[in-house]
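Here is the file input15.cif (mmCIF, C-alpha atoms).
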```cif
data_data
loop_
_atom_site.group_PDB
_atom_site.id
_atom_site.type_symbol
_atom_site.label_atom_id
_atom_site.label_comp_id
_atom_site.auth_asym_id
_atom_site.auth_seq_id
_atom_site.Cartn_x
_atom_site.Cartn_y
_atom_site.Cartn_z
ATOM 1 C CA MET A 1 67.235 96.081 115.807
ATOM 2 C CA LYS A 2 63.862 96.336 114.033
ATOM 3 C CA LYS A 3 62.259 94.905 117.153
ATOM 4 C CA TYR A 4 63.165 98.136 118.946
ATOM 5 C CA ALA A 5 63.366 100.758 116.211
ATOM 6 C CA GLY A 6 60.822 99.505 113.682
ATOM 7 C CA GLU A 7 61.193 99.620 109.902
ATOM 8 C CA SER A 8 63.201 102.839 110.022
ATOM 9 C CA ALA A 9 66.133 101.070 111.666
ATOM 10 C CA PRO A 10 69.174 101.123 109.396
ATOM 11 C CA ILE A 11 70.963 97.867 108.729
ATOM 12 C CA GLN A 12 74.725 98.195 108.803
ATOM 13 C CA ARG A 13 76.687 95.561 106.987
ATOM 14 C CA CYS A 14 80.291 94.858 107.794
ATOM 15 C CA GLN A 15 82.523 95.534 104.795
ATOM 16 C CA VAL A 16 84.871 92.722 105.806
ATOM 17 C CA HIS A 17 82.081 90.166 105.763
ATOM 18 C CA LYS A 18 80.572 91.543 102.550
ATOM 19 C CA ARG A 19 83.980 91.411 100.848
ATOM 20 C CA ARG A 20 84.486 87.814 101.980
ATOM 21 C CA ASN A 21 80.991 86.799 100.850
ATOM 22 C CA VAL A 22 81.413 88.342 97.389
ATOM 23 C CA LEU A 23 84.878 86.845 96.902
ATOM 24 C CA GLU A 24 83.619 83.364 97.841
ATOM 25 C CA HIS A 25 81.618 83.372 94.602
ATOM 26 C CA VAL A 26 84.313 84.396 92.109
ATOM 27 C CA ARG A 27 87.039 82.291 90.535
ATOM 28 C CA ASP A 28 90.493 82.445 92.103
ATOM 29 C CA GLU A 29 91.904 84.263 89.078
ATOM 30 C CA ASP A 30 89.214 86.978 89.389
ATOM 31 C CA LYS A 31 89.578 87.515 93.144
ATOM 32 C CA PRO A 32 92.476 90.024 93.067
ATOM 33 C CA LEU A 33 90.701 92.372 90.644
ATOM 34 C CA VAL A 34 87.349 92.139 92.423
ATOM 35 C CA ALA A 35 89.016 92.657 95.823
ATOM 36 C CA THR A 36 90.887 95.699 94.520
ATOM 37 C CA LYS A 37 87.675 97.244 93.182
ATOM 38 C CA LEU A 38 85.784 96.560 96.398
ATOM 39 C CA ASN A 39 88.589 98.041 98.496
ATOM 40 C CA ALA A 40 88.765 101.121 96.285
ATOM 41 C CA ALA A 41 85.013 101.698 96.539
ATOM 42 C CA TYR A 42 85.026 101.187 100.310
ATOM 43 C CA ALA A 43 87.899 103.667 100.667
ATOM 44 C CA MET A 44 86.008 106.465 98.921
ATOM 45 C CA GLU A 45 84.747 109.264 101.123
ATOM 46 C CA ASP A 46 82.098 110.485 98.686
ATOM 47 C CA TYR A 47 78.941 108.366 98.848
ATOM 48 C CA THR A 48 77.902 109.041 95.250
ATOM 49 C CA ALA A 49 81.311 108.060 93.863
ATOM 50 C CA ALA A 50 81.438 104.940 96.029
ATOM 51 C CA ARG A 51 77.945 103.920 94.983
ATOM 52 C CA GLN A 52 78.846 104.408 91.305
ATOM 53 C CA ALA A 53 81.961 102.275 91.754
ATOM 54 C CA LEU A 54 79.945 99.525 93.455
ATOM 55 C CA ASP A 55 77.234 99.721 90.773
ATOM 56 C CA GLY A 56 79.922 99.302 88.107
ATOM 57 C CA LEU A 57 81.393 96.337 89.943
ATOM 58 C CA HIS A 58 77.915 94.848 90.253
ATOM 59 C CA ARG A 59 77.483 95.038 86.465
ATOM 60 C CA GLU A 60 80.868 93.339 85.968
ATOM 61 C CA LEU A 61 79.982 90.630 88.455
ATOM 62 C CA MET A 62 76.748 89.912 86.609
ATOM 63 C CA HIS A 63 78.964 88.657 83.762
ATOM 64 C CA LEU A 64 81.545 86.909 85.943
ATOM 65 C CA ASN A 65 79.252 85.311 88.475
ATOM 66 C CA PRO A 66 75.632 86.332 89.117
ATOM 67 C CA SER A 67 75.807 84.874 92.651
ATOM 68 C CA ALA A 68 78.621 87.284 93.492
ATOM 69 C CA ALA A 69 76.573 90.129 92.027
ATOM 70 C CA ARG A 70 73.572 89.161 94.157
ATOM 71 C CA SER A 71 75.775 89.039 97.236
ATOM 72 C CA LEU A 72 77.052 92.538 96.538
ATOM 73 C CA ALA A 73 73.520 93.801 95.838
ATOM 74 C CA GLU A 74 72.384 92.704 99.313
ATOM 75 C CA VAL A 75 74.030 95.909 100.510
ATOM 76 C CA TRP A 76 71.163 97.857 98.925
ATOM 77 C CA THR A 77 68.386 95.377 99.632
ATOM 78 C CA LYS A 78 66.085 96.396 102.445
ATOM 79 C CA ARG A 79 65.337 93.573 104.886
#
```
Could you take the file, read its structure, and then write that structure out as structure tokens?
Amino acid sequence: MKKYAGESAPIQRCQVHKRRNVLEHVRDEDKPLVATKLNAAYAMEDYTAARQALDGLHRELMHLNPSAARSLAEVWTKR
């Protein structure tokens, strides 16, 4: 997309793939809680509330598995 629209082109990430990527990094016993929190954040209609929920999950993931946290943070990383 950047080839045609330049640096201002937004990058859309599929929530299904992001969810799968994050969950690949966490232990089986942590997957239900992390999945529930991701789903809840993705279901929010208010951007600010959703971002706060994802930021909170990111902080939790830093303690559970930093690789999962990095995967989640890719959502905000500009490529």
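Between CA of His63 (chain A) and CA of Cys14 (chain A) the interatomic distance comes to 24.9 Å.
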Ref. answer, residues at most 12 Å from (83.3, 88.4, 96.9) with all atoms listed in the file, as a PyMOL selection string: chain A and resi 15-28+30-39+57-58+61+64-74
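CA of Glu29 (chain A) is found 29.1 Å from CA of Tyr47 (chain A).
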Atom pair CA of Val75 (chain A) / CA of Glu60 (chain A): separation (Å):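 Spanning CA of Val75 (chain A) to CA of Glu60 (chain A) is a straight-line distance of 16.3 Å.
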Any chance you could model N, CA, C and O atoms for region 56-71 of chain A and send them as an mmCIF file, keeping the file's coordinate frame?
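Now in selection14.cif:
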```
data_model
loop_
_atom_site.group_PDB
_atom_site.id
_atom_site.type_symbol
_atom_site.label_atom_id
_atom_site.label_comp_id
_atom_site.auth_asym_id
_atom_site.auth_seq_id
_atom_site.Cartn_x
_atom_site.Cartn_y
_atom_site.Cartn_z
ATOM 1 N N GLY A 56 79.109 99.786 89.230
ATOM 2 C CA GLY A 56 79.922 99.302 88.107
ATOM 3 C C GLY A 56 80.453 97.906 88.371
ATOM 4 O O GLY A 56 80.433 97.040 87.486
ATOM 5 N N LEU A 57 80.915 97.673 89.589
ATOM 6 C CA LEU A 57 81.393 96.337 89.943
ATOM 7 C C LEU A 57 80.252 95.332 89.888
ATOM 8 O O LEU A 57 80.434 94.204 89.410
ATOM 9 N N HIS A 58 79.078 95.739 90.315
ATOM 10 C CA HIS A 58 77.915 94.848 90.253
ATOM 11 C C HIS A 58 77.642 94.420 88.810
ATOM 12 O O HIS A 58 77.391 93.246 88.542
ATOM 13 N N ARG A 59 77.701 95.369 87.890
ATOM 14 C CA ARG A 59 77.483 95.038 86.465
ATOM 15 C C ARG A 59 78.548 94.051 85.975
ATOM 16 O O ARG A 59 78.226 93.101 85.256
ATOM 17 N N GLU A 60 79.796 94.268 86.362
ATOM 18 C CA GLU A 60 80.868 93.339 85.968
ATOM 19 C C GLU A 60 80.631 91.952 86.547
ATOM 20 O O GLU A 60 80.833 90.940 85.866
ATOM 21 N N LEU A 61 80.215 91.921 87.811
ATOM 22 C CA LEU A 61 79.982 90.630 88.455
ATOM 23 C C LEU A 61 78.824 89.872 87.835
ATOM 24 O O LEU A 61 78.809 88.638 87.849
ATOM 25 N N MET A 62 77.857 90.588 87.281
ATOM 26 C CA MET A 62 76.748 89.912 86.609
ATOM 27 C C MET A 62 77.264 89.042 85.461
ATOM 28 O O MET A 62 76.678 88.010 85.164
ATOM 29 N N HIS A 63 78.371 89.443 84.852
ATOM 30 C CA HIS A 63 78.964 88.657 83.762
ATOM 31 C C HIS A 63 79.906 87.576 84.290
ATOM 32 O O HIS A 63 79.982 86.497 83.712
ATOM 33 N N LEU A 64 80.602 87.878 85.375
ATOM 34 C CA LEU A 64 81.545 86.909 85.943
ATOM 35 C C LEU A 64 80.840 85.818 86.725
ATOM 36 O O LEU A 64 81.117 84.632 86.564
ATOM 37 N N ASN A 65 79.943 86.258 87.619
ATOM 38 C CA ASN A 65 79.252 85.311 88.475
ATOM 39 C C ASN A 65 78.024 86.001 89.097
ATOM 40 O O ASN A 65 78.175 86.819 90.001
ATOM 41 N N PRO A 66 76.841 85.686 88.604
ATOM 42 C CA PRO A 66 75.632 86.332 89.117
ATOM 43 C C PRO A 66 75.435 86.161 90.628
ATOM 44 O O PRO A 66 74.879 87.033 91.280
ATOM 45 N N SER A 67 75.921 85.061 91.200
ATOM 46 C CA SER A 67 75.807 84.874 92.651
ATOM 47 C C SER A 67 76.622 85.921 93.397
ATOM 48 O O SER A 67 76.188 86.430 94.436
ATOM 49 N N ALA A 68 77.795 86.240 92.882
ATOM 50 C CA ALA A 68 78.621 87.284 93.492
ATOM 51 C C ALA A 68 77.926 88.633 93.371
ATOM 52 O O ALA A 68 77.939 89.436 94.307
ATOM 53 N N ALA A 69 77.300 88.873 92.230
ATOM 54 C CA ALA A 69 76.573 90.129 92.027
ATOM 55 C C ALA A 69 75.410 90.241 93.002
ATOM 56 O O ALA A 69 75.183 91.305 93.587
ATOM 57 N N ARG A 70 74.686 89.140 93.203
ATOM 58 C CA ARG A 70 73.572 89.161 94.157
ATOM 59 C C ARG A 70 74.074 89.410 95.579
ATOM 60 O O ARG A 70 73.449 90.144 96.350
ATOM 61 N N SER A 71 75.205 88.821 95.911
ATOM 62 C CA SER A 71 75.775 89.039 97.236
ATOM 63 C C SER A 71 76.119 90.508 97.447
ATOM 64 O O SER A 71 75.828 91.088 98.494
#
```
